[in-house]
file query.cif (mmCIF, C-alpha atoms)
data_my_file
#
loop_
_atom_site.label_atom_id
_atom_site.label_comp_id
_atom_site.auth_asym_id
_atom_site.auth_seq_id
_atom_site.Cartn_x
_atom_site.Cartn_y
_atom_site.Cartn_z
CA MET A 22 52.99 102.04 75.25
CA SER A 23 51.53 105.53 75.53
CA LYS A 24 53.68 108.66 75.56
CA GLU A 25 52.92 109.14 79.25
CA ASP A 26 54.26 105.66 80.08
CA LYS A 27 57.59 106.24 78.35
CA GLN A 28 60.61 107.27 80.40
CA ASP A 29 63.57 109.21 79.08
CA SER A 30 67.18 108.41 80.07
CA GLN A 31 67.14 110.92 82.91
CA GLY A 32 64.06 109.37 84.43
CA LEU A 33 65.49 105.88 84.13
CA LEU A 34 68.71 106.98 85.78
CA LYS A 35 66.93 108.75 88.64
CA GLY A 36 64.80 105.68 89.31
CA PHE A 37 67.79 103.37 89.22
CA LEU A 38 69.86 105.55 91.56
CA LYS A 39 66.99 105.75 94.03
CA ALA A 40 66.32 102.01 93.96
CA ASN A 41 70.01 101.19 94.48
CA LYS A 42 71.06 104.03 96.80
CA SER A 43 72.80 101.64 99.21
CA ASP A 44 75.16 100.54 96.45
CA HIS A 45 76.57 103.92 95.37
CA PHE A 46 77.72 107.29 96.68
CA ASP A 47 76.13 109.64 94.12
CA PHE A 48 73.73 111.11 96.68
CA GLU A 49 76.56 112.03 99.07
CA GLU A 50 78.46 115.30 98.94
CA ASP A 51 82.23 115.23 98.43
CA ILE A 52 84.28 116.15 101.51
CA ASP A 53 87.56 117.73 100.54
CA TYR A 54 90.41 119.40 102.44
CA LYS A 55 94.17 119.75 102.47
CA VAL A 56 96.27 118.58 105.42
CA SER A 57 99.78 120.00 105.65
CA SER A 58 102.79 117.70 105.59
CA GLY A 59 104.37 120.11 108.07
CA SER A 60 106.91 121.25 105.48
CA LEU A 61 106.44 124.31 103.27
CA GLN A 62 108.57 122.76 100.53
CA PHE A 63 106.66 119.46 100.65
CA ASP A 64 103.29 121.24 100.64
CA LEU A 65 104.35 123.21 97.57
CA GLN A 66 104.68 119.98 95.57
CA LEU A 67 101.54 118.48 97.14
CA GLY A 68 99.47 121.47 96.06
CA GLY A 69 98.83 122.46 99.66
CA GLY A 70 98.87 119.10 101.42
CA PHE A 71 97.34 115.62 101.50
CA GLY A 72 93.62 115.18 100.83
CA PRO A 73 91.14 112.39 101.63
CA GLY A 74 91.84 108.86 100.46
CA LEU A 75 94.78 106.45 100.62
CA HIS A 76 98.40 107.61 100.68
CA ARG A 77 101.45 105.37 100.84
CA PHE A 78 104.72 106.19 102.56
CA VAL A 79 107.41 103.73 101.45
CA GLY A 80 111.16 103.53 101.86
CA MET A 81 114.13 102.07 103.66
CA ASN A 82 114.62 101.97 107.43
CA GLU A 83 115.09 105.32 109.22
CA GLY A 84 113.99 107.31 106.20
CA GLY A 85 111.39 109.20 108.22
CA LYS A 86 108.18 107.46 107.09
CA THR A 87 106.61 107.11 110.53
CA SER A 88 107.60 110.62 111.60
CA ALA A 89 106.09 112.06 108.42
CA GLY A 90 102.91 110.07 108.91
CA LEU A 91 102.60 111.31 112.49
CA GLU A 92 103.14 114.90 111.33
CA VAL A 93 100.22 114.56 108.90
CA MET A 94 98.17 112.96 111.69
CA LYS A 95 98.91 115.88 114.03
CA ASN A 96 97.73 118.41 111.43
CA PHE A 97 94.71 116.28 110.49
CA LEU A 98 93.52 116.28 114.11
CA LYS A 99 93.34 120.09 114.09
CA MET A 100 90.20 119.84 111.95
CA PRO A 101 86.78 119.77 113.66
CA LYS A 102 85.24 116.35 114.30
CA ALA A 103 88.49 114.55 113.49
CA LYS A 104 89.88 111.44 115.16
CA GLY A 105 92.97 109.37 114.47
CA ILE A 106 93.77 105.72 114.83
CA TYR A 107 97.34 104.44 114.85
CA ILE A 108 97.64 100.76 113.94
CA LYS A 109 100.67 99.61 115.90
CA ALA A 110 101.49 96.51 113.87
CA GLU A 111 105.25 96.48 114.47
CA GLY A 112 105.58 97.21 118.19
CA ARG A 113 107.05 100.71 117.73
CA LEU A 114 105.73 104.14 118.83
CA SER A 115 108.13 104.68 121.72
CA PRO A 116 107.54 107.33 124.42
CA GLU A 117 110.22 109.47 122.75
CA MET A 118 108.42 109.23 119.41
CA ARG A 119 105.11 110.16 121.01
CA ALA A 120 106.69 113.19 122.68
CA ARG A 121 108.22 114.37 119.39
CA SER A 122 104.94 113.97 117.50
CA GLY A 123 102.84 116.43 119.51
CA ILE A 124 99.83 114.11 119.21
CA ASN A 125 97.49 113.31 122.09
CA PHE A 126 97.60 109.51 121.99
CA VAL A 127 95.02 107.54 123.97
CA PHE A 128 94.96 103.86 124.84
CA ASN A 129 91.43 103.63 126.27
CA ALA A 130 88.30 103.82 124.11
CA ASP A 131 86.60 106.10 126.66
CA ASP A 132 89.35 108.69 126.12
CA TRP A 133 89.00 108.70 122.32
CA VAL A 134 87.49 112.13 121.74
CA ASP A 135 87.83 114.61 118.88
CA GLY A 136 91.42 115.65 118.31
CA THR A 137 92.95 112.49 119.80
CA CYS A 138 94.55 109.40 118.27
CA PHE A 139 93.71 105.92 119.55
CA VAL A 140 96.56 103.37 119.52
CA PHE A 141 95.28 100.01 118.30
CA GLU A 142 97.93 97.42 119.10
CA SER A 143 97.25 94.59 116.69
CA ASN A 144 98.88 93.08 113.64
CA ILE A 145 96.08 90.59 112.87
CA TYR A 146 94.98 91.51 109.38
CA GLU A 147 91.31 90.53 109.67
CA THR A 148 90.90 92.37 112.98
CA VAL A 149 92.49 95.57 111.70
CA VAL A 150 90.44 95.60 108.50
CA ASP A 151 87.18 94.88 110.33
CA LEU A 152 87.73 97.75 112.78
CA LEU A 153 88.42 100.23 109.97
CA ARG A 154 85.43 99.00 107.99
CA GLN A 155 83.09 99.45 110.95
CA LEU A 156 84.38 102.95 111.71
CA ILE A 157 83.89 104.10 108.13
CA THR A 158 80.52 102.45 107.40
CA SER A 159 78.86 103.06 110.81
CA ASN A 160 79.57 106.74 111.24
CA GLU A 161 76.43 108.55 112.38
CA GLU A 162 78.56 111.20 114.12
CA LYS A 163 80.11 112.19 110.76
CA ILE A 164 83.61 111.89 112.21
CA LYS A 165 86.56 112.25 109.84
CA TYR A 166 89.05 109.45 110.53
CA ASN A 167 92.75 109.21 109.76
CA CYS A 168 94.16 105.69 109.91
CA LEU A 169 97.94 105.39 110.08
CA LEU A 170 98.95 101.76 109.49
CA ASP A 171 102.52 101.16 110.66
CA SER A 172 103.12 99.02 108.83
CA VAL A 173 101.67 96.87 106.06
CA ASP A 174 104.69 94.59 106.49
CA GLY A 175 103.68 93.79 110.07
CA LEU A 176 100.22 92.41 109.26
CA ILE A 177 99.64 88.67 109.42
CA LEU A 178 96.60 86.49 108.77
CA LYS A 179 94.90 85.17 111.88
CA ASN A 180 95.36 81.56 110.81
CA ASP A 181 99.07 82.15 110.28
CA ALA A 182 99.42 83.78 113.71
CA ASP A 183 98.26 80.52 115.27
CA LYS A 184 100.81 78.41 113.38
CA SER A 185 103.97 77.12 114.99
CA PHE A 186 107.33 78.65 114.12
CA ASP A 187 108.11 75.53 112.11
CA ASP A 188 105.29 76.33 109.70
CA CYS A 189 105.74 78.79 106.91
CA ALA A 190 103.66 81.80 107.91
CA LYS A 191 102.23 83.84 105.09
CA ILE A 192 102.46 87.58 105.70
CA ALA A 193 99.14 89.16 104.77
CA GLY A 194 100.82 92.21 103.26
CA GLY A 195 99.61 93.97 100.22
CA ALA A 196 97.76 91.64 97.91
CA VAL A 197 95.32 90.55 100.61
CA VAL A 198 94.88 94.08 101.98
CA ALA A 199 94.25 95.46 98.51
CA ALA A 200 91.91 92.70 97.40
CA THR A 201 89.58 93.10 100.38
CA PHE A 202 89.84 96.35 102.32
CA MET A 203 90.71 98.81 99.54
CA LYS A 204 88.32 97.37 96.96
CA LYS A 205 85.49 97.73 99.44
CA MET A 206 86.48 100.96 101.15
CA SER A 207 88.48 103.14 98.73
CA ILE A 208 85.47 105.14 97.47
CA ALA A 209 84.07 105.60 100.98
CA LEU A 210 87.47 106.81 102.24
CA ALA A 211 87.74 109.60 99.71
CA LYS A 212 84.05 110.50 99.36
CA ARG A 213 83.37 110.78 103.08
CA GLY A 214 86.54 112.68 103.93
CA HIS A 215 88.60 109.96 105.60
CA MET A 216 92.33 109.47 105.17
CA ALA A 217 94.52 106.38 105.36
CA ILE A 218 98.31 106.37 105.38
CA PHE A 219 99.87 102.95 104.80
CA ILE A 220 103.56 102.64 105.66
CA SER A 221 105.66 99.90 104.10
CA GLN A 222 109.21 98.96 103.26
CA VAL A 223 110.86 99.05 99.85
CA ARG A 224 112.68 95.84 98.96
CA ALA A 225 114.42 97.04 95.77
CA ASP A 226 115.03 100.13 93.68
CA ILE A 227 111.96 101.74 92.17
CA LYS A 228 112.22 102.03 88.38
CA LEU A 229 110.12 104.54 86.46
CA ASP A 230 112.38 105.25 83.47
CA PRO A 231 110.67 103.72 80.39
CA TYR A 232 114.04 103.62 78.59
CA SER A 233 115.73 101.65 81.35
CA LYS A 234 116.69 98.06 80.56
CA ALA A 235 115.43 97.05 83.97
CA PRO A 236 111.73 96.17 84.32
CA ILE A 237 109.55 99.26 84.82
CA ARG A 238 108.26 99.17 88.38
CA GLN A 239 106.46 101.94 90.13
CA THR A 240 107.40 100.46 93.48
CA THR A 241 108.43 97.16 94.99
CA ALA A 242 106.99 98.07 98.38
CA THR A 243 104.76 95.60 100.17
CA GLY A 244 101.20 95.98 98.94
CA GLY A 245 100.93 94.53 95.47
CA ASN A 246 99.59 96.25 92.38
CA ALA A 247 96.14 96.94 93.83
CA LEU A 248 97.51 99.21 96.53
CA LEU A 249 99.50 101.04 93.88
CA HIS A 250 96.32 101.59 91.92
CA PHE A 251 94.19 102.81 94.83
CA ALA A 252 96.77 105.16 96.35
CA ASN A 253 96.44 108.88 95.59
CA TRP A 254 100.03 109.65 96.58
CA ILE A 255 103.00 107.32 96.83
CA VAL A 256 106.10 108.93 98.31
CA GLU A 257 109.39 107.14 98.81
CA PHE A 258 111.60 108.25 101.69
CA GLU A 259 115.22 108.12 100.58
CA PRO A 260 118.12 106.75 102.68
CA ARG A 261 120.02 109.25 104.80
CA TYR A 262 123.63 109.92 103.90
CA LYS A 263 126.45 111.83 105.53
CA GLY A 264 125.86 114.78 103.22
CA ASP A 265 122.29 115.11 104.52
CA ILE A 266 123.46 115.99 108.04
CA ILE A 267 123.05 119.62 109.13
CA LEU A 268 126.00 120.75 111.25
CA GLN A 269 126.03 123.47 113.87
CA ASN A 270 128.61 125.33 111.78
CA PRO A 271 128.12 124.23 108.14
CA SER A 272 131.14 126.24 106.97
CA LEU A 273 133.49 123.87 108.85
CA LYS A 274 132.06 120.94 106.85
CA LYS A 275 133.61 118.35 109.20
CA MET A 276 131.45 116.91 111.98
CA ASP A 277 132.85 116.93 115.50
CA PRO A 278 130.77 115.72 118.49
CA GLN A 279 132.04 118.61 120.64
CA LYS A 280 133.06 121.48 118.37
CA ASN A 281 130.65 120.98 115.47
CA PRO A 282 127.87 118.54 116.38
CA PRO A 283 124.98 117.60 114.08
CA ILE A 284 121.84 119.62 114.83
CA GLY A 285 119.57 118.08 112.22
CA HIS A 286 119.37 116.49 108.81
CA PHE A 287 117.58 116.85 105.50
CA ALA A 288 114.79 114.36 104.88
CA LYS A 289 114.43 113.51 101.21
CA VAL A 290 111.36 112.10 99.51
CA THR A 291 110.67 111.21 95.90
CA ILE A 292 107.12 111.29 94.61
CA LYS A 293 106.37 107.98 92.87
CA LYS A 294 102.71 108.61 92.15
CA SER A 295 100.76 111.86 92.21
CA PRO A 296 97.43 113.33 91.04
CA ASN A 297 99.07 116.64 90.04
CA GLU A 298 101.87 115.69 87.63
CA LYS A 299 104.62 115.77 90.28
CA THR A 300 105.76 112.18 89.75
CA ASN A 301 109.56 111.77 90.01
CA MET A 302 109.93 115.08 91.86
CA THR A 303 112.38 114.89 94.78
CA ILE A 304 111.83 117.14 97.80
CA SER A 305 114.24 117.91 100.62
CA TYR A 306 113.15 119.42 103.92
CA PRO A 307 115.05 120.02 107.18
CA ILE A 308 114.61 118.16 110.49
CA ARG A 309 115.80 119.78 113.75
CA TYR A 310 117.05 117.48 116.51
CA GLY A 311 115.99 117.77 120.13
CA ARG A 312 112.49 119.14 119.56
CA THR A 313 109.24 117.83 120.99
CA GLY A 314 105.58 118.73 120.61
CA GLY A 315 105.40 118.20 116.85
CA LYS A 316 108.13 120.67 115.94
CA SER A 317 110.76 118.33 114.50
CA ILE A 318 110.40 119.76 111.00
CA TRP A 319 112.64 122.83 111.02
CA ILE A 320 110.11 125.11 109.41
CA GLU A 321 111.99 128.24 110.50
CA LYS A 322 114.87 127.16 108.25
CA GLU A 323 112.39 126.65 105.42
CA ILE A 324 111.07 130.16 106.06
CA VAL A 325 114.59 131.58 105.77
CA ASP A 326 115.17 129.60 102.56
CA LEU A 327 111.94 131.03 101.11
CA LEU A 328 112.91 134.53 102.22
CA HIS A 329 116.04 134.05 100.14
CA ALA A 330 114.15 132.54 97.19
CA TRP A 331 111.56 135.33 97.14
CA GLU A 332 114.30 137.95 97.52
CA PHE A 333 112.86 139.32 100.77
CA ILE A 334 116.39 139.32 102.19
CA SER A 335 119.73 140.05 100.60
CA ARG A 336 123.39 139.62 101.40
CA LYS A 337 126.31 141.26 99.67
CA LYS A 338 129.08 139.07 98.34
CA ASN A 339 131.66 138.04 100.97
CA SER A 340 129.55 139.66 103.70
CA ALA A 341 128.00 137.91 106.71
CA TRP A 342 125.37 140.63 107.14
CA ILE A 343 121.84 139.85 105.94
CA GLU A 344 119.48 142.73 105.17
CA PHE A 345 115.70 142.77 104.82
CA THR A 346 114.37 144.32 101.63
CA GLU A 347 111.97 147.25 101.48
CA GLU A 348 109.34 144.98 99.90
CA PHE A 349 109.45 142.69 102.93
CA SER A 350 109.15 145.65 105.32
CA GLU A 351 106.05 146.78 103.44
CA ILE A 352 104.48 143.31 103.75
CA LEU A 353 104.87 143.45 107.54
CA GLU A 354 103.26 146.89 107.81
CA GLY A 355 99.94 146.69 109.62
CA ILE A 356 100.62 143.15 110.91
CA ASN A 357 100.39 142.85 114.70
CA LEU A 358 103.55 140.98 115.64
CA GLY A 359 103.61 142.12 119.28
CA ASP A 360 104.53 145.34 121.04
CA ASP A 361 108.13 144.20 121.52
CA PHE A 362 108.68 143.25 117.89
CA SER A 363 110.91 145.34 115.66
CA LEU A 364 112.46 144.38 112.35
CA PRO A 365 116.22 144.98 112.45
CA GLU A 366 117.91 146.58 109.49
CA LYS A 367 120.35 143.67 109.24
CA ILE A 368 121.36 140.45 111.00
CA GLN A 369 124.80 138.87 111.11
CA GLY A 370 124.86 135.30 109.84
CA GLU A 371 122.20 132.72 109.00
CA ASN A 372 122.25 131.13 112.46
CA ASN A 373 121.25 134.47 113.99
CA LEU A 374 118.55 134.79 111.33
CA PHE A 375 117.19 131.33 112.27
CA LYS A 376 117.19 132.42 115.92
CA PHE A 377 115.41 135.66 115.09
CA VAL A 378 112.59 133.77 113.34
CA GLU A 379 112.42 131.15 116.14
CA ASP A 380 112.33 133.82 118.86
CA ASN A 381 109.40 135.61 117.20
CA PRO A 382 106.62 133.02 116.88
CA LYS A 383 104.07 135.58 115.69
CA LEU A 384 106.39 136.45 112.83
CA SER A 385 107.02 132.81 111.93
CA ASN A 386 103.28 131.97 112.12
CA PHE A 387 102.48 134.92 109.86
CA LEU A 388 105.14 133.87 107.35
CA ILE A 389 103.91 130.26 107.40
CA SER A 390 100.39 131.49 106.58
CA TYR A 391 101.76 133.92 103.99
CA PHE A 392 103.79 131.28 102.14
CA ASN A 393 101.04 128.64 102.48
CA GLN A 394 98.59 131.02 100.82
CA ALA A 395 101.12 131.73 98.10
CA ILE A 396 101.60 127.97 97.61
CA LEU A 397 97.84 127.43 97.23
CA GLU A 398 97.65 130.20 94.66
CA LEU A 399 100.51 128.67 92.69
CA SER A 400 99.05 125.15 92.78
#
call {"tool": "encode", "arguments": {"input": "query.cif", "output": "structure tokens"}}
result
Amino acid sequence: MSKEDKQDSQGLLKGFLKANKSDHFDFEEDIDYKVSSGSLQFDLQLGGGFGPGLHRFVGMNEGGKTSAGLEVMKNFLKMPKAKGIYIKAEGRLSPEMRARSGINFVFNADDWVDGTCFVFESNIYETVVDLLRQLITSNEEKIKYNCLLDSVDGLILKNDADKSFDDCAKIAGGAVVAATFMKKMSIALAKRGHMAIFISQVRADIKLDPYSKAPIRQTTATGGNALLHFANWIVEFEPRYKGDIILQNPSLKKMDPQKNPPIGHFAKVTIKKSPNEKTNMTISYPIRYGRTGGKSIWIEKEIVDLLHAWEFISRKKNSAWIEFTEEFSEILEGINLGDDFSLPEKIQGENNLFKFVEDNPKLSNFLISYFNQAILELS
């Protein structure tokens, strides 16, 4: 063989990649982004938010999994050329839930335009997987999709759906989902900028302590080990206890339906798997009752908590008066917060401070951007 006929390793690799371009993604550019969880505290631990790929929301009933998934969906749909699909596999998504989410849900394919979320009402495993596969592989419009599967537990094989109630139906669940859909689609999801959020129940305590006598388990949620492997983030939503309730007057401590009703609660999540060394971190963020339009997360309370943490406000011991620091006043200089806006020297009580932030949306939006930028710089 002459010197001209020889090929070096680079030439061999180039030829191989070209000949097998349908079998790999090396010629495609990475699509990356961060989608906010809706909570400043949660985003801080996420490094700014959720990125492309598979994420799993697991936990007990009423932990807030679906609400959190819908919040991510709402923020995802703010991106250009983004569409959502909600897999309604358990018969939920009530009108009240839709109103709280702030998402434009559609039930007709003709109405599925950018910025909307189509509700696919099916729990047949093969049908769900085939729809998602077609959307991801046949995507000439370069749409970014977010699939929210609610939930993995509700999926069933088509053959089992046709069985009588006397037969033992096998729930498709995790092992089947992982073995087919994720093995085929996990690279395409992340590489092409798509997101999938799989919701599932937890059937037992999650053990991560290597010194525990109990078997070490990352999670016992439906999905099997393959879904654990493919997921970028796994977050467990903790049960809600009496101490998590936010009362109208926290100083009274005792709940009373008339005199001191609950106005919200703290949602708590524990990170069970992360790409940024946050595993085992527990995050708490406030939920405000009675809100619609995607405003259930009480971000104004988070803003006030961060104002405290960053020492932008101060309060003397045994005093109800809260004062803004000179540093905070300097930050607001030159920011257009409206002709009617003025920063008071002091405010009496935290409830009035919450109201002040809520009543000045330009201020709250500026502070959200300010703290989000600070979070990105810290991550």
call {"tool": "atom_distance", "arguments": {"input": "query.cif", "atom1": "atom CA of Asp174 of chain A", "atom2": "atom CA of Asn297 of chain A"}}
result
28.1 Å
call {"tool": "atom_distance", "arguments": {"input": "query.cif", "atom1": "atom CA of Gln62 of chain A", "atom2": "atom CA of Cys168 of chain A"}}
result
24.2 Å
call {"tool": "closest_residue", "arguments": {"input": "query.cif", "among": "A:Phe97, A:Phe141, A:Phe258, A:Trp342", "to": "Gln369 of chain A", "atoms": "all atoms listed in the file"}}
result
A:Trp342
call {"tool": "resolve_selection", "arguments": {"input": "query.cif", "expression": "the PyMOL selection byres ((chain A and resi 132-134) around 12)", "output": "ChimeraX atom specification"}}
result
/A:98,101-107,125-131,135-141,162,164-166
call {"tool": "write_last_selection", "arguments": {"input": "query.cif", "atoms": "C-alpha atoms", "output": "PDB file, keeping the file's coordinate frame"}}
result
ATOM      1  CA  LEU A  98      93.520 116.280 114.110  1.00  0.00           C
ATOM      2  CA  PRO A 101      86.780 119.770 113.660  1.00  0.00           C
ATOM      3  CA  LYS A 102      85.240 116.350 114.300  1.00  0.00           C
ATOM      4  CA  ALA A 103      88.490 114.550 113.490  1.00  0.00           C
ATOM      5  CA  LYS A 104      89.880 111.440 115.160  1.00  0.00           C
ATOM      6  CA  GLY A 105      92.970 109.370 114.470  1.00  0.00           C
ATOM      7  CA  ILE A 106      93.770 105.720 114.830  1.00  0.00           C
ATOM      8  CA  TYR A 107      97.340 104.440 114.850  1.00  0.00           C
ATOM      9  CA  ASN A 125      97.490 113.310 122.090  1.00  0.00           C
ATOM     10  CA  PHE A 126      97.600 109.510 121.990  1.00  0.00           C
ATOM     11  CA  VAL A 127      95.020 107.540 123.970  1.00  0.00           C
ATOM     12  CA  PHE A 128      94.960 103.860 124.840  1.00  0.00           C
ATOM     13  CA  ASN A 129      91.430 103.630 126.270  1.00  0.00           C
ATOM     14  CA  ALA A 130      88.300 103.820 124.110  1.00  0.00           C
ATOM     15  CA  ASP A 131      86.600 106.100 126.660  1.00  0.00           C
ATOM     16  CA  ASP A 135      87.830 114.610 118.880  1.00  0.00           C
ATOM     17  CA  GLY A 136      91.420 115.650 118.310  1.00  0.00           C
ATOM     18  CA  THR A 137      92.950 112.490 119.800  1.00  0.00           C
ATOM     19  CA  CYS A 138      94.550 109.400 118.270  1.00  0.00           C
ATOM     20  CA  PHE A 139      93.710 105.920 119.550  1.00  0.00           C
ATOM     21  CA  VAL A 140      96.560 103.370 119.520  1.00  0.00           C
ATOM     22  CA  PHE A 141      95.280 100.010 118.300  1.00  0.00           C
ATOM     23  CA  GLU A 162      78.560 111.200 114.120  1.00  0.00           C
ATOM     24  CA  ILE A 164      83.610 111.890 112.210  1.00  0.00           C
ATOM     25  CA  LYS A 165      86.560 112.250 109.840  1.00  0.00           C
ATOM     26  CA  TYR A 166      89.050 109.450 110.530  1.00  0.00           C
TER      27      TYR A 166
END
call {"tool": "residues_near_point", "arguments": {"input": "query.cif", "point": "(102.5, 140.1, 119.8)", "cutoff": "9 Å", "atoms": "only C-alpha atoms", "output": "list in words"}}
result
Asn357, Leu358, Gly359, Asp360, Asp361, Phe362, Asn381, Pro382, Lys383 and Leu384 of chain A
call {"tool": "atom_distance", "arguments": {"input": "query.cif", "atom1": "atom CA of Lys322 of chain A", "atom2": "atom CA of Met276 of chain A"}}
result
19.8 Å
call {"tool": "resolve_selection", "arguments": {"input": "query.cif", "expression": "the PyMOL selection byres ((chain A and resi 88) around 10)", "output": "PyMOL selection string"}}
result
chain A and resi 83-87+89-94+114+118-119+121-122+315+317-318
call {"tool": "resolve_selection", "arguments": {"input": "query.cif", "expression": "the PyMOL selection byres ((chain A and resi 72) around 9)", "output": "JSON list (two decimals) with C-alpha atoms, in the coordinates of the input"}}
result
[["chain", "number", "residue", "atom", "x", "y", "z"],
["A", 53, "ASP", "CA", 87.56, 117.73, 100.54],
["A", 54, "TYR", "CA", 90.41, 119.40, 102.44],
["A", 55, "LYS", "CA", 94.17, 119.75, 102.47],
["A", 56, "VAL", "CA", 96.27, 118.58, 105.42],
["A", 70, "GLY", "CA", 98.87, 119.10, 101.42],
["A", 71, "PHE", "CA", 97.34, 115.62, 101.50],
["A", 73, "PRO", "CA", 91.14, 112.39, 101.63],
["A", 74, "GLY", "CA", 91.84, 108.86, 100.46],
["A", 75, "LEU", "CA", 94.78, 106.45, 100.62],
["A", 76, "HIS", "CA", 98.40, 107.61, 100.68],
["A", 211, "ALA", "CA", 87.74, 109.60, 99.71],
["A", 214, "GLY", "CA", 86.54, 112.68, 103.93],
["A", 215, "HIS", "CA", 88.60, 109.96, 105.60],
["A", 216, "MET", "CA", 92.33, 109.47, 105.17],
["A", 253, "ASN", "CA", 96.44, 108.88, 95.59]]
call {"tool": "closest_residue", "arguments": {"input": "query.cif", "among": "A:Glu147, A:Glu332, A:Asp51, A:Asp326", "to": "Ile177 of chain A", "atoms": "all atoms listed in the file"}}
result
A:Glu147
call {"tool": "closest_residue", "arguments": {"input": "query.cif", "among": "A:Phe251, A:Glu398, A:Phe219, A:Asn339", "to": "Lys204 of chain A", "atoms": "only C-alpha atoms"}}
result
A:Phe251
call {"tool": "residues_around", "arguments": {"input": "query.cif", "residues": "Ile308 of chain A", "least_positions_apart": "5", "cutoff": "7 Å", "atoms": "all atoms listed in the file", "output": "number ranges by chain"}}
result
A: 285-288, 317-319
call {"tool": "closest_residue", "arguments": {"input": "query.cif", "among": "A:Lys212, A:Val79, A:Lys263, A:Leu65", "to": "Val173 of chain A", "atoms": "all atoms listed in the file"}}
result
A:Val79
call {"tool": "residues_near_point", "arguments": {"input": "query.cif", "point": "(78.1, 101.6, 95.6)", "cutoff": "12 Å", "atoms": "all atoms listed in the file", "output": "PyMOL selection string"}}
result
chain A and resi 38-49+204-209+212
call {"tool": "closest_residue", "arguments": {"input": "query.cif", "among": "A:Leu210, A:Ala110, A:Val149, A:Leu67", "to": "Glu298 of chain A", "atoms": "only C-alpha atoms"}}
result
A:Leu67
call {"tool": "closest_residue", "arguments": {"input": "query.cif", "among": "A:Glu142, A:Asp151, A:Glu321, A:Asp380", "to": "Ile108 of chain A", "atoms": "all atoms listed in the file"}}
result
A:Glu142
